[in-house]
Every structure is written in structure tokens, then in C-alpha cells.
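Let me begin by presenting the structure, written as C-alpha cells, before commenting on it.
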Amino acid sequence: MDSLLRGEELCLAQLFLQSGSAYDCISELGELGLVEFRDLNPSVNAFQRKHVNEIKNCEEMERILGELASTLSFCCNHRVSVCLQEQLQRLEVELGEVTRNKEKLQKNLLELREYTHMLRITHSFVQRTSEVSYEEFPFLEKDTVMDYSSMQRLGAKLGFISGLIQRAKIEAFERMLWRVCKGYTILSYAEVDEYLEDPETGEPSKSIVFLISYWGEQIGQKVKKISDCYHCHLYPYPTNNDERNDVVEGLKTRIQDLHTVLHRTEDYLRQVLMKASESVYTWVIQVKKIKAIYYILNLCSLDVTNKCLIAEVWCPVNDIANLRRALEEGSRKSGATVPSFVNRIPTSDTPPSLIRTNKFTSGFQGIVDAYGVGNYREVNPAPFTIITFPFLFAVMFGDLGHGLIMALFAFWMVLYENNRKLKNTRNEIWNTFFEGRYIILMMGLFSIYTGLIYNDCFSKSLNIFGSGWSVKAIFNHYGGFKVSLYQSNLPIIWNLATNRLTFLNSYKMKMSVIIGIIHMSFGVILSTYNHLHFRKKHNLYLVFLPELLFLLCLFGYLVFMIFYKWLVFSAKDSREAPSILIHFINMFLMQGDGVPPLYPGQTGLQIFLVVIAVLSVPVLLLGKPIYLNWLHNGSQRLGMYRGYERVRRNSEEELYLMRANDMEEGSSHNEFLHQAIHTIEYCLGCVSNTASYLRLWALSLAHAQLSDVLWAMVMRVGLRMDTRLGVLFLVPVFSLFAVLTVSILLVMEGLSAFLHALRLHWVEFQNKFYSGTGVKFSPFSFSLLPSSFEHDGLL
Amino acid sequence: MAELSFVITMSVVTLFWAIVGGIVPLFIPKGPNRGVIVTMLVLTSVCCYLFWLIAILAQLNPLFGPSLSTDAIWYLRYHWP
């Protein structure tokens with residue numbers, strides 16, 4: 001328990017690692033996660049460190065693995081352990097080759113297919129013309145191609161260019177041809193039916209086969225240039241039918257061959273990837289571990305003999321034995337003859353704070369740490385927060401039904417907490433709720449209790465014990481009533497009363513003030529732990545006592561008056577019941593004459609308390625600086641004596657405390673200013689924090705009213721209809737009621753009450769004793785390494 | 001008799017929370033979590049007892065009672081046991 005209350009004791013240790021076994025020792029330490037390494041080369045640039053090349057290699061391997069993981073669309077989890085860097089590089093080269101081959105083959109295939117299409121379609125152009133024979137001149141406005149023979153009769157040199165072009169570009173192509181060649185070319189084109197894959201983008205797109213016939217050599221050059229411009233794929237146009245048939249046959253066989261080769265290549269690729277996927281996961285982890293070890297080796301420094309590495313670590317005192325064992329294990333694994341060893345060294349630096357938590361307490365520790373990690377060995381508010389935080393939440397939330405739903409939800413999460421699917425989702429909001437499942441469970445349970453006492457269940461009251469108010473008296477004799485009280489919760493009759501809120505407000509406000517003052521006093525009392533532990537006994541008398549007296553004399557007395565009024569004044573003298581607030585104010589102003597006293601001797605007692613409280617302020621303000629000043633002055637004369645004392649003490653904690661004492665006395669101005677700020681903060685804070693606790697009243701009122709409104713506006717409307725239609729109508733009304741209850745009352749109000757309870761803890765409770773300016777102990781552990789692959793969702 | 005019922009209620013509840021906060025912690029087995037569990041039990045009993053105490057003391061000598069509408073009074077007189 002000591003660990004949770006205060007944090008563990010840490011010490012600084014030096015590790016002497018033999019160069020041969022350094023790697024294995026650090027690997028052992030990483031598995032155990034015991035120690036935090038300090039940087040012994042802080043002035044060295046990251047690129048000048050010793051093991052920079054190894055780290056670069058590791059990053060190279062990580063890159064290869066990343067590419068590998070992204071080409072894999074599936075992944076098995078076989079644990080086959082293989083070795084690394086050469087394998088990875090070989091794999092990368094092989095994959096690259098195979099992929100390139102495959103791309104080349106695919107490009108080839110595409111060309112052949114285009115050629116086939118082109119031949120087929122231009123054949124259809126020619127087929128069309130042979131059905132109708134023309135004797136006329138060709139360059140009329142017919143867009144069919146002529147036969148060779150008739151052209152040659154004209155004596156012109158006819159050329160053909162044929163190929164494929166993308167469908168989007170055909171019109172521009174045509175226009176350009178017309179403008180440039182001015183009718184000396186004829187373009188005919190038709191669309192290809194099937195989608196062909198565009199090699200650059202890999203998307204299927206439509207292409208158009210075109211056939212250009214032209215006269216003259218120069219026109220031919222121009223047409224070629226234009227078609228190059230438009231990225232057309234040109235293929236040789238066969239001159240006669242026999243040639244065409246030969247080409248078509250040849251193409252067919254070639255396409256078939258290519259298909260087979262392509263299939264084989266894809267199969268091979270898939271095999272290689274499957275083999276790799278078995279081990280990708282373990283490779284990733286291994287590379288990460290190696291990189292982490294090299295980072296740590298970079299933090300070490302070489303000793304004078306250059307034969308062994310020195311590392312400085314923060315280690316918990318209780319774990320030094322484990323540390324030794326880990327080093328022995330590492331030395332044994334690497335087969336070193338000389339073992340590495342650990343040596344504890346004294347230091348005056350403040351160690352980081354380590355607080356060990358289990359799955360239940362880690363949530364509460366988390367919300368304390370969110371405010372600030374505690375100083376080394378300072379009192380940790382977390383074990384108290386486990387109960388007080390849900391309690392304050394429940395005071396603000398107090399509803400039996402809602403608390404029950406919340407507790408059931410949290411209970412479900414706790415029962416299934418080992419379900420992997422629940423643990424490893426990417427949804428941030430769900431993760432937040434899941435991490436806090438124990439907090440929500442406690443909050444729900446306490447809400448059930450406070451709901452029972454407030455007698456509020458979905459805004460209706462339960463008649464468990466019967467009401468203490470008897471109606472008979474009211475019935476018979478107006479104005480009087482009989483009270484019998486044997487139940488312990490707010491009687492149900494208040495729910496029917498019209499002056500319900502008057503009673504509730506008075507009750508809840510007083511309750512908030514009482515709870516608040518007790519909470520704050522508890523915080524002040526906790527600070528004694530700190531004073532005693534850090535050996536500052538003077539703080540006990542000069543800081544704690546004035547603070548407590550101030551708080552209790554003023555506000556403790558207020559609590560006393562509240563209880564007194566409850567116990568002493570009853571309905572008989574309700575006319576003369578005094579207002580506590582007026583008495584309180586009068587106490588400060590030292591007037592008491594206008595109002596009758598609560599009890600005999602009240603004025604005297606009040607004056608006495610006010611005087612004590614007022615006197616404690618200057619003690620708080622000046623006591624500590626004056627005392628420290630006197631100590632400092634006195635010590636200058638006794639310097640020799642204290643030095644002698646220091647040599648005798650050999651405990652590290654003592655040394656640390658002595659140094660801290662020395663440094664504090666440094667400047668008395670500083671000390672005085674610090675103490676003045678603390679005094680003002682504390683005294684003003686007492687008043688404002690007490691008022692701040694009234695939010696307990698405000699939020700519980702808001703919650704009760706909201707649930708009342710929801711019931712009245714939604715559910716009652718459904719329950720009012722008493723015909724058969726009403727039954728049907730009730731179903732959607734209830735679903736609406738349920739949805740609104742969960743979303744508004746549970747989620748929104750729950751979050752709001754959570755936030756306010758958190759604020760009450762962080763500000764009003766913790767500023768009485770907690771400073772929270774420490775550093776968290778972050779051990780070197782492989783399990784804590786961030787996993788970037790998991791973030792990318794690849795594994 | 002109001003006094004007797006009050007005394008009984010008071011002592012029963014006080015005894016209950018005193019057992020939870022004072023006697024049960026003595027029976028928690030020694031383990032790493034003993035301190036946390038003992039703290040939790042003590043704090044729970046203190047908080048819950050305090051809350052209940054405030055609730056009952058506030059109603060002990062009420063300065064005013066619920067004011068009901070006439071319908072409510074009639075209903076309660078004849079329909080409640």
C-alpha cells in the first residue's frame with residue numbers, strides 16, 4: 001500500500017556492461033521493463049552517436065517491411081522465427097523483379113490485344129466498302145475507304161496509318177487532322193467494344209480504332225506527328241487480305257502464350273507473398289526491438305579503458321535484485337567471461353516518481369496524473385480518490401434508476417474486459433469509456449445509494465418505508481400535522497407536495513457545505529503526511545496548524561451551527577428559527593445584538609473563534625519565512641557542526657533532504673514571497689472553495705428537474721391515453737423516452753457531473769496538499785514501444 | 001414513540017457502518033492490495049454514513065411540511081393504507 005500512497009523509492013545505479021554482452025543485457029532489461037536509462041551523452045548530436053549506422057540499418061529494414069506489409073492483403077500469424085537483414089533484402093529484390101516482369105508482360109498483352117481489335121475493326125471498314133463499289137472519285141463526302149486498285153488508277157501514292165486512340169481525344173484528333181491536312185486525309189473510326197486497360201493509370205478505358213488514309217509523303221509525316229502528339233498506339237496496317245489473315249493468326253497464338261506466362265508469373269508472386277506473410281509480424285517486432293536496443297546503447301558512455309560501457313539508470317530500490325539477475329542472464333546468454341554488474345551511487349537529483357497500479361487503480365491514478373504527476377514520494381491522492389470521486393459524482397447524480405443503468409453498463413464492460421474485440425478497437429471515444437470502466441462502475445454503485453436516499457428513481461419516488469407524514473392530521477385539522485419518523489430517506493410525500501423544492505434546496509445546500517468542509521479538512525490533514533515525511537517538522541506548527549485553525553474556526557463553526565439548528569429547532573418554534581447565514585455574517589462583523597442568540601454564550605464563543613482565525617493568518621504568513629531565516633543565520637555559525645553530521649549519515653534519503661533544506665534557505669525574499677502567495681491563496685480559497693462546493697446542490701437539482709421534465713413531457717403523455725390505441729402509442733413513446741434518457745440524462749448529465757466532481761478534486765481538494773510537478777518514471781520496456789504498424793492498421 | 005423509532009434507526013445504521021468501516025478491515029487477508037481495500041472500506045463507510053446522517057438530521061425537526069393540493073390529500077386519505 002505504501003507504493004500507492006506515496007510512490008516507490010528509487011535510486012540511481014550504474015551498470016558496467018562488457019562490450020560483448022552489452023546487447024544481450026539490455027535486451028534482458030527491455031523484456032523485464034525495470035529501469036529508466038539516463039542520457040550520458042546529452043551534448044552529442046543524434047547523428048554523431050556511436051551506433052548511428054545500426055539504427056539506419058534498422059530503419060531501412062522497417063521501410064522494407066512496410067512495403068511488404070502493404071502489398072500483402074492478408075496475413076497469417078504463424079510464429080516462424082527467421083533471421084533478418086539479408087533475408088529481407090533478398091525478398092525485396094525478388095519481389096521487385098517479379099513485379100516488373102509482370103508489368104512488362106501485361107503491357108505486351110495489351111499491345112497484342114489492341115492490334116487484334118484494330119485489325120478486326122478496320123477489316124470491317126473494308127468489308128463495308130466492298131459491298132458497294134464506287135466508280136466515282138473517292139474524295140466526295142463519303143467517309144468510307146476505297147479499294148486499292150481504284151486509288152492506284154489515280155496514280156496517287158496512298159498510305160494508311162492505323163491505330164488506337166483514347167475515346168476522349170478522338171474529336172480533337174479529327175479536328176486537328178482536318179485543319180492540318182485539309183481534306184487530303186480520310187479518317188474513319190469505330191469504338192472498341194470491350195474495355196482495355198490503360199497501362200499508365202491501370203484503369204479500364206474505352207479506345208477507338210481509327211484508320212487514316214492519305215495521299216502523299218509529306219502529309220504522311222504530318223499525320224504521324226499528329227498521332228504521336230495524341231499518344232496514339234500505331235500498328236502496321238497490312239496491305240492485303242492474306243497478309244492480314246496471317247497477322248491475325250500469329251497474334252492469336254502469341255496472345256495465348258502470353259496469357260499462360262502471365263498466369264504462371266502471378267502464381268509465383270502469390271506464393272512468395274504467402275511465405276513472407278507468415279513471418280512479417282515477428283520480423284516487425286524484432287526490428288523494433290533491435291532499434292530500441294541501439295537507441296539505448298547510444299545513451300551509454302564508454303569508460304576509460306574503452307572496454308566496457310557505462311549506463312546510468314533509475315531503478316526502484318526493491319528491484320535491484322531483479323536487475324542483478326537480469327544482468328547475469330544477459331552475460332550468460334552472450335557467453336561473456338567477465339560478468340556485468342550494477343553499482344548503486346548516491347545522487348542529489350530528484351528521481352522520477354513511480355507508482356505501481358493494477359487494473360482497478362490505474363483508472364483513478366490516471367485521472368490524478370492528468371492534473372499532474374506527483375513529486376517524488378509525495379502523498380498520492382489516488383487511493384482516496386477511488387471512493388471520494390464516485391461519491392461526489394453520486395451526490396450530483398443521485399438517481400436510482402439511472403445509477404442502476406450506469407452500473408449495469410460498467411459491469412458488462414468489466415465482465416468482458418478480456419474480450420479482444422472490445423480492447424482493441426480504434427474508436428477513441430469507446431476506448432476512453434472502456435479504460436474507465438471501473439470508475440463508471442463505482443460511480444453507478446454510489447449513485448444507486450444516493451438515489452435511494454434522495455428517493456429519486458427516474459424522477460419518481462419509491463414508497464419503501466412509508467411516509468412519516470400522516471395525512472389524517474391535515475384532513476381533520478388544517479394546519480397541523482403529525483410526524484413519525486422511522487424511515488431514513490426522503491419520504492415519498494414530498495414528491496406530491498408543491499413546496500418540494502423549498503425543502504430540497506435547504507437540505508441540499510447545507511449538505512453540500514458540510515461535505516465540502518469535511519473534504520477540505522481532509523485535504524489539509526493529508527498535508528501532514530508530506531510534512532512528516534520530508535522532515536519539515538516546523539511546517540507542522542507554522543503551516544498546518546494555522547491552516548487548520550483558520551478553516552475549522554470559521555467554517556467548522558458554520559457546520560456546527562447547521563447541525564445545531566437541525567437538532568434544536570423544530571416546528572414548534574418555526575417562527576423564531578434563526579437564519580444561519582445572518583448569524584454567520586454577524587459573527588464576522590462582530591454584531592450580535594439585533595438577532596436572538598442560538599444558544600447562551602454564543603456571542604462570546606464567536607468572538608473567541610474569530611480572534612483565533614484572524615490571529616492564525618499572520619502566523620501563516622510570517623511564521624515560516626522568519627523561522628527559516630533564523631535557521632539560516634544560525635547555521636552559518638554552526639556550519640562546521642552540520643558538515644560533521646553530514647559525513648556520519650550515509651543514507652541517501654537523508655542526503656537528499658539535507659540538500660533540499662540547504663537550497664531552500666537560499667533566498668529569504670523568495671521564501672517570504674512564496675509564503676505570502678500561499679497565505680492569500682489559502683485564506684481566500686477557503687471562502688471561495690466552500691462556495692464552490694455548492695455545485696453539488698446545483699447539479700443534483702438540475703438532474704432531478706431534467707428527469708422530472710422528461711417524465712412529464714414524454715412518458716406521461718403516453719400513459720394518459722387509456723384506450724387500445726394508447727397501448728400502441730405507448731411503444732414509440734417509451735422508445736423515445738429511453739433514447740432521451742440515455743442520451744441526455746445518462747451521457748450528458750453523467751459527463752457533466754463527472755467533470756464537476758473532477759474539478760472539485762483537482763482544485764478544491766488537491767490544492768490543500770498536492771503539488772503535482774513531478775516526472776513520471778518511464779522504464780525501458782519492449783511492451784511499451786509504440787507500434788506504428790498497428791497505427792496504420794496493417795497488422 | 002417517535003423517539004424510540006428514531007433511536008432504533010439511528011443505532012442500527014450507525015452500527016452497520018461502524019462494522020463496515022471498523023471490523024471488516026481487520027479481516028482482509030494480507031496481500032499487496034490490503035492497504036487499498038482497507039482505505040476503500042473506511043472511506044466508504046465514512047462517506048455513506050455521513051450522507052445518511054445529514055439526510056435524517058435534516059428531517060428530524062422540520063420547520064415546515066409538504067403542502068399538498070386538496071385532491072392529493074383526499075387521494076392519500078382514502079387510497080393509501
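Here, A, B, ... name the chains of the C-alpha cells in the order displayed, residue numbers run from 1 inside each chain, and ligands are numbered from 1 in the same displayed order.
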Proximal residues of chain B relative to chain A (only C-alpha atoms; 9 Å) as an MDAnalysis selection string: chainID B and resid 1:3 5:6 8:10 32:36 39:41 43:44 47:48 50:69 72:74 76:77
How would the residues just picked look written out with N, CA and C atoms as a compact mmCIF listing (two decimals), in the first residue's frame?
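File selection_8.txt, as written:
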# COMPACT_ATOMS: atom_id res chain seq x y z
N MET B 1 -43.51 7.69 20.90
CA MET B 1 -42.85 6.57 20.21
C MET B 1 -41.97 7.03 19.08
N ALA B 2 -42.16 8.26 18.73
CA ALA B 2 -41.28 8.75 17.66
C ALA B 2 -39.83 8.69 18.13
N GLU B 3 -39.65 8.95 19.39
CA GLU B 3 -38.28 8.94 19.88
C GLU B 3 -37.68 7.55 19.76
N SER B 5 -38.46 5.05 17.80
CA SER B 5 -38.15 4.59 16.45
C SER B 5 -36.92 5.31 15.92
N PHE B 6 -36.80 6.57 16.31
CA PHE B 6 -35.63 7.29 15.84
C PHE B 6 -34.36 6.70 16.42
N ILE B 8 -33.87 3.70 17.47
CA ILE B 8 -33.56 2.38 16.89
C ILE B 8 -32.90 2.53 15.53
N THR B 9 -33.56 3.36 14.70
CA THR B 9 -32.98 3.55 13.35
C THR B 9 -31.55 4.04 13.45
N MET B 10 -31.38 5.04 14.29
CA MET B 10 -30.07 5.65 14.40
C MET B 10 -29.01 4.65 14.79
N PRO B 32 -0.95 -7.75 -1.47
CA PRO B 32 -0.47 -6.44 -1.95
C PRO B 32 -1.56 -5.39 -1.93
N ASN B 33 -2.83 -5.82 -1.97
CA ASN B 33 -3.91 -4.85 -2.07
C ASN B 33 -4.57 -4.57 -0.75
N ARG B 34 -4.00 -5.04 0.33
CA ARG B 34 -4.70 -4.89 1.62
C ARG B 34 -4.91 -3.44 1.96
N GLY B 35 -3.85 -2.64 1.77
CA GLY B 35 -3.96 -1.24 2.14
C GLY B 35 -5.05 -0.52 1.37
N VAL B 36 -5.10 -0.79 0.06
CA VAL B 36 -6.10 -0.11 -0.76
C VAL B 36 -7.50 -0.51 -0.32
N THR B 39 -8.45 1.13 2.97
CA THR B 39 -8.77 2.55 2.75
C THR B 39 -10.15 2.70 2.14
N MET B 40 -10.42 1.85 1.14
CA MET B 40 -11.71 1.96 0.48
C MET B 40 -12.85 1.71 1.44
N LEU B 41 -12.71 0.67 2.29
CA LEU B 41 -13.79 0.35 3.21
C LEU B 41 -14.03 1.48 4.20
N LEU B 43 -13.24 4.68 3.94
CA LEU B 43 -13.78 5.87 3.29
C LEU B 43 -15.24 5.68 2.90
N THR B 44 -15.55 4.47 2.39
CA THR B 44 -16.94 4.23 2.01
C THR B 44 -17.86 4.38 3.21
N CYS B 47 -18.18 8.10 4.23
CA CYS B 47 -18.97 8.91 3.29
C CYS B 47 -20.45 8.55 3.35
N CYS B 48 -20.75 7.25 3.30
CA CYS B 48 -22.15 6.85 3.25
C CYS B 48 -22.86 7.17 4.56
N LEU B 50 -22.11 9.53 6.68
CA LEU B 50 -22.28 10.98 6.75
C LEU B 50 -23.48 11.42 5.92
N PHE B 51 -23.57 10.86 4.72
CA PHE B 51 -24.66 11.24 3.82
C PHE B 51 -26.00 10.88 4.43
N TRP B 52 -26.07 9.68 4.98
CA TRP B 52 -27.33 9.27 5.59
C TRP B 52 -27.65 10.11 6.80
N LEU B 53 -26.64 10.42 7.59
CA LEU B 53 -26.83 11.21 8.80
C LEU B 53 -27.39 12.58 8.46
N ILE B 54 -26.81 13.21 7.44
CA ILE B 54 -27.31 14.52 7.04
C ILE B 54 -28.77 14.41 6.62
N ALA B 55 -29.07 13.34 5.86
CA ALA B 55 -30.44 13.20 5.37
C ALA B 55 -31.42 13.06 6.54
N ILE B 56 -31.04 12.29 7.56
CA ILE B 56 -32.01 12.06 8.62
C ILE B 56 -32.07 13.25 9.56
N LEU B 57 -30.94 13.89 9.81
CA LEU B 57 -30.98 15.03 10.72
C LEU B 57 -31.76 16.19 10.13
N ALA B 58 -31.70 16.31 8.79
CA ALA B 58 -32.39 17.43 8.18
C ALA B 58 -33.89 17.31 8.33
N GLN B 59 -34.35 16.06 8.51
CA GLN B 59 -35.80 15.91 8.58
C GLN B 59 -36.30 15.67 9.98
N LEU B 60 -35.40 15.69 10.93
CA LEU B 60 -35.76 15.33 12.29
C LEU B 60 -36.78 16.30 12.86
N ASN B 61 -36.42 17.57 12.75
CA ASN B 61 -37.33 18.59 13.26
C ASN B 61 -37.64 19.55 12.14
N PRO B 62 -38.53 19.17 11.26
CA PRO B 62 -38.74 20.03 10.09
C PRO B 62 -39.46 21.31 10.48
N LEU B 63 -39.06 22.37 9.84
CA LEU B 63 -39.67 23.65 10.16
C LEU B 63 -40.93 23.88 9.37
N PHE B 64 -41.12 23.12 8.31
CA PHE B 64 -42.37 23.20 7.57
C PHE B 64 -42.59 21.86 6.91
N GLY B 65 -43.83 21.62 6.52
CA GLY B 65 -44.13 20.33 5.93
C GLY B 65 -44.57 20.48 4.50
N PRO B 66 -44.86 19.36 3.87
CA PRO B 66 -45.27 19.44 2.47
C PRO B 66 -46.67 20.03 2.38
N SER B 67 -46.88 20.87 1.45
CA SER B 67 -48.22 21.43 1.27
C SER B 67 -48.81 20.77 0.04
N LEU B 68 -49.89 20.05 0.27
CA LEU B 68 -50.46 19.27 -0.82
C LEU B 68 -51.71 19.95 -1.35
N SER B 69 -52.00 19.62 -2.58
CA SER B 69 -53.26 20.12 -3.12
C SER B 69 -54.39 19.28 -2.52
N ALA B 72 -54.82 15.77 -3.80
CA ALA B 72 -53.80 14.84 -3.31
C ALA B 72 -54.12 14.39 -1.91
N ILE B 73 -54.62 15.32 -1.08
CA ILE B 73 -54.94 14.96 0.30
C ILE B 73 -56.07 13.94 0.33
N TRP B 74 -57.08 14.17 -0.45
CA TRP B 74 -58.21 13.25 -0.48
C TRP B 74 -57.76 11.88 -0.94
N LEU B 76 -54.79 10.54 -0.82
CA LEU B 76 -53.94 9.86 0.14
C LEU B 76 -54.77 9.32 1.31
N ARG B 77 -55.79 10.08 1.72
CA ARG B 77 -56.57 9.66 2.87
C ARG B 77 -57.30 8.36 2.60
Sel. of strand (DSSP E or B) residues, region 175-217 of chain A, as a ChimeraX atom specification: /A:185-191,196-197,204-205,207-215
Which residue out of A:Pro351, A:Pro339, A:Pro238, A:Gly436 has the minimum interatomic distance to Phe364 (chain A) when only C-alpha atoms are used?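 Closest candidate: A:Gly436.
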Between CA of Leu302 (chain A) and CA of Leu40 (chain A), what is the spacing in Å?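 Separation of CA of Leu40 (chain A) and CA of Leu302 (chain A): 9.8 Å.
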Pick from A:Ser743, A:Leu699, A:Asn318, A:Thr265, whichever lies nearest to Arg100 (chain A) using only C-alpha atoms: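 Ranking A:Ser743, A:Leu699, A:Asn318, A:Thr265 by distance to Arg100 (chain A), first place goes to A:Thr265.
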Can you list, as an MDAnalysis selection string, every protein, DNA or RNA residue that comes within 6 Å of region 744-760 of chain A when you count only C-alpha atoms, leaving out same-chain residues fewer than 4 positions away? chainID A and resid 392:393 740 764
Within 9 Å of Thr741 (chain A) using only C-alpha atoms, minus same-chain residues under 5 positions, as a PyMOL selection string: chain A and resi 402+458+707+710+736+746-747
Nearest to Pro25 (chain B) among B:Val13, B:Tyr75, B:Ser45, B:Val7, with distances taken over only C-alpha atoms: which residue is it?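 Closest to Pro25 (chain B), using only C-alpha atoms: B:Ser45.
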DSSP says alpha helix (DSSP H) for which residues of chain B? Put them as a ChimeraX atom specification? /B:2-18,34-60,70-79
One number please: CA of Asn689 (chain A) to CA of His583 (chain A), in Å, one decimal.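 CA of His583 (chain A) lies 20.3 Å from CA of Asn689 (chain A).
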Residue contacts of Phe522 (chain A) (10 Å, only C-alpha atoms) excluding same-chain residues fewer than 4 positions away, as a ChimeraX atom specification: /A:516-518,526-527,548,765,768-769
Using only N, CA and C atoms, please write the residues we just selected to a file, as a tab-separated table (two decimals), in the first residue's frame.
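Generated file (result.tsv):
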chain	number	residue	atom	x	y	z
A	516	GLY	N	-18.39	19.66	1.72
A	516	GLY	CA	-17.24	20.40	1.22
A	516	GLY	C	-16.23	20.69	2.30
A	517	ILE	N	-16.72	21.12	3.46
A	517	ILE	CA	-15.77	21.48	4.50
A	517	ILE	C	-15.05	20.24	5.03
A	518	ILE	N	-15.77	19.14	5.10
A	518	ILE	CA	-15.10	17.93	5.56
A	518	ILE	C	-14.06	17.48	4.55
A	526	LEU	N	-4.14	15.72	5.17
A	526	LEU	CA	-3.21	14.90	4.39
A	526	LEU	C	-1.86	15.58	4.23
A	527	SER	N	-1.87	16.90	4.28
A	527	SER	CA	-0.58	17.56	4.08
A	527	SER	C	0.39	17.28	5.21
A	548	LEU	N	-5.36	24.77	9.56
A	548	LEU	CA	-6.47	24.01	10.11
A	548	LEU	C	-7.33	24.87	11.02
A	765	PHE	N	-9.75	20.12	-3.50
A	765	PHE	CA	-9.16	19.14	-2.59
A	765	PHE	C	-7.65	19.13	-2.72
A	768	LYS	N	-4.89	21.75	-1.40
A	768	LYS	CA	-4.55	21.85	0.01
A	768	LYS	C	-3.26	21.12	0.33
A	769	PHE	N	-2.87	20.18	-0.52
A	769	PHE	CA	-1.66	19.45	-0.14
A	769	PHE	C	-0.82	18.94	-1.29
May I have the residues within 12 Å of Thr432 (chain A) as a ChimeraX atom specification, using only C-alpha atoms and disregarding those fewer than 5 positions away in the same chain? /A:363,366-367,422-427,437-440
Can you write out the residues you just picked, keeping N, CA and C atoms, as a PDB file, in the first residue's frame?
ATOM      1  N   GLY A 363      -7.145   3.413 -13.401  1.00  0.00           N
ATOM      2  CA  GLY A 363      -8.041   4.450 -13.896  1.00  0.00           C
ATOM      3  C   GLY A 363      -8.005   5.683 -13.012  1.00  0.00           C
ATOM      4  N   GLY A 366      -4.890   7.496 -13.231  1.00  0.00           N
ATOM      5  CA  GLY A 366      -4.846   8.257 -14.469  1.00  0.00           C
ATOM      6  C   GLY A 366      -5.482   9.621 -14.332  1.00  0.00           C
ATOM      7  N   ILE A 367      -6.632   9.683 -13.612  1.00  0.00           N
ATOM      8  CA  ILE A 367      -7.247  10.999 -13.539  1.00  0.00           C
ATOM      9  C   ILE A 367      -6.489  11.907 -12.574  1.00  0.00           C
ATOM     10  N   LEU A 422     -13.207  -5.912 -27.771  1.00  0.00           N
ATOM     11  CA  LEU A 422     -13.538  -4.702 -27.040  1.00  0.00           C
ATOM     12  C   LEU A 422     -12.288  -3.900 -26.741  1.00  0.00           C
ATOM     13  N   LYS A 423     -11.179  -4.639 -26.535  1.00  0.00           N
ATOM     14  CA  LYS A 423      -9.983  -3.927 -26.092  1.00  0.00           C
ATOM     15  C   LYS A 423      -9.317  -3.169 -27.212  1.00  0.00           C
ATOM     16  N   ASN A 424      -9.375  -3.728 -28.417  1.00  0.00           N
ATOM     17  CA  ASN A 424      -8.501  -3.191 -29.458  1.00  0.00           C
ATOM     18  C   ASN A 424      -9.238  -2.454 -30.550  1.00  0.00           C
ATOM     19  N   THR A 425     -10.305  -1.780 -30.230  1.00  0.00           N
ATOM     20  CA  THR A 425     -10.952  -1.014 -31.291  1.00  0.00           C
ATOM     21  C   THR A 425     -10.214   0.301 -31.491  1.00  0.00           C
ATOM     22  N   ARG A 426     -10.479   0.908 -32.639  1.00  0.00           N
ATOM     23  CA  ARG A 426      -9.797   2.158 -32.948  1.00  0.00           C
ATOM     24  C   ARG A 426     -10.590   3.344 -32.472  1.00  0.00           C
ATOM     25  N   ASN A 427     -11.852   3.095 -32.071  1.00  0.00           N
ATOM     26  CA  ASN A 427     -12.719   4.204 -31.726  1.00  0.00           C
ATOM     27  C   ASN A 427     -12.227   4.856 -30.444  1.00  0.00           C
ATOM     28  N   ARG A 437     -13.717   1.824 -17.039  1.00  0.00           N
ATOM     29  CA  ARG A 437     -14.880   1.014 -16.689  1.00  0.00           C
ATOM     30  C   ARG A 437     -15.040   0.843 -15.192  1.00  0.00           C
ATOM     31  N   TYR A 438     -13.926   0.760 -14.465  1.00  0.00           N
ATOM     32  CA  TYR A 438     -14.069   0.606 -13.012  1.00  0.00           C
ATOM     33  C   TYR A 438     -14.561   1.891 -12.376  1.00  0.00           C
ATOM     34  N   ILE A 439     -14.128   3.028 -12.931  1.00  0.00           N
ATOM     35  CA  ILE A 439     -14.614   4.300 -12.404  1.00  0.00           C
ATOM     36  C   ILE A 439     -16.120   4.379 -12.593  1.00  0.00           C
ATOM     37  N   ILE A 440     -16.580   4.008 -13.803  1.00  0.00           N
ATOM     38  CA  ILE A 440     -18.012   4.097 -14.073  1.00  0.00           C
ATOM     39  C   ILE A 440     -18.780   3.131 -13.171  1.00  0.00           C
TER      40      ILE A 440
END
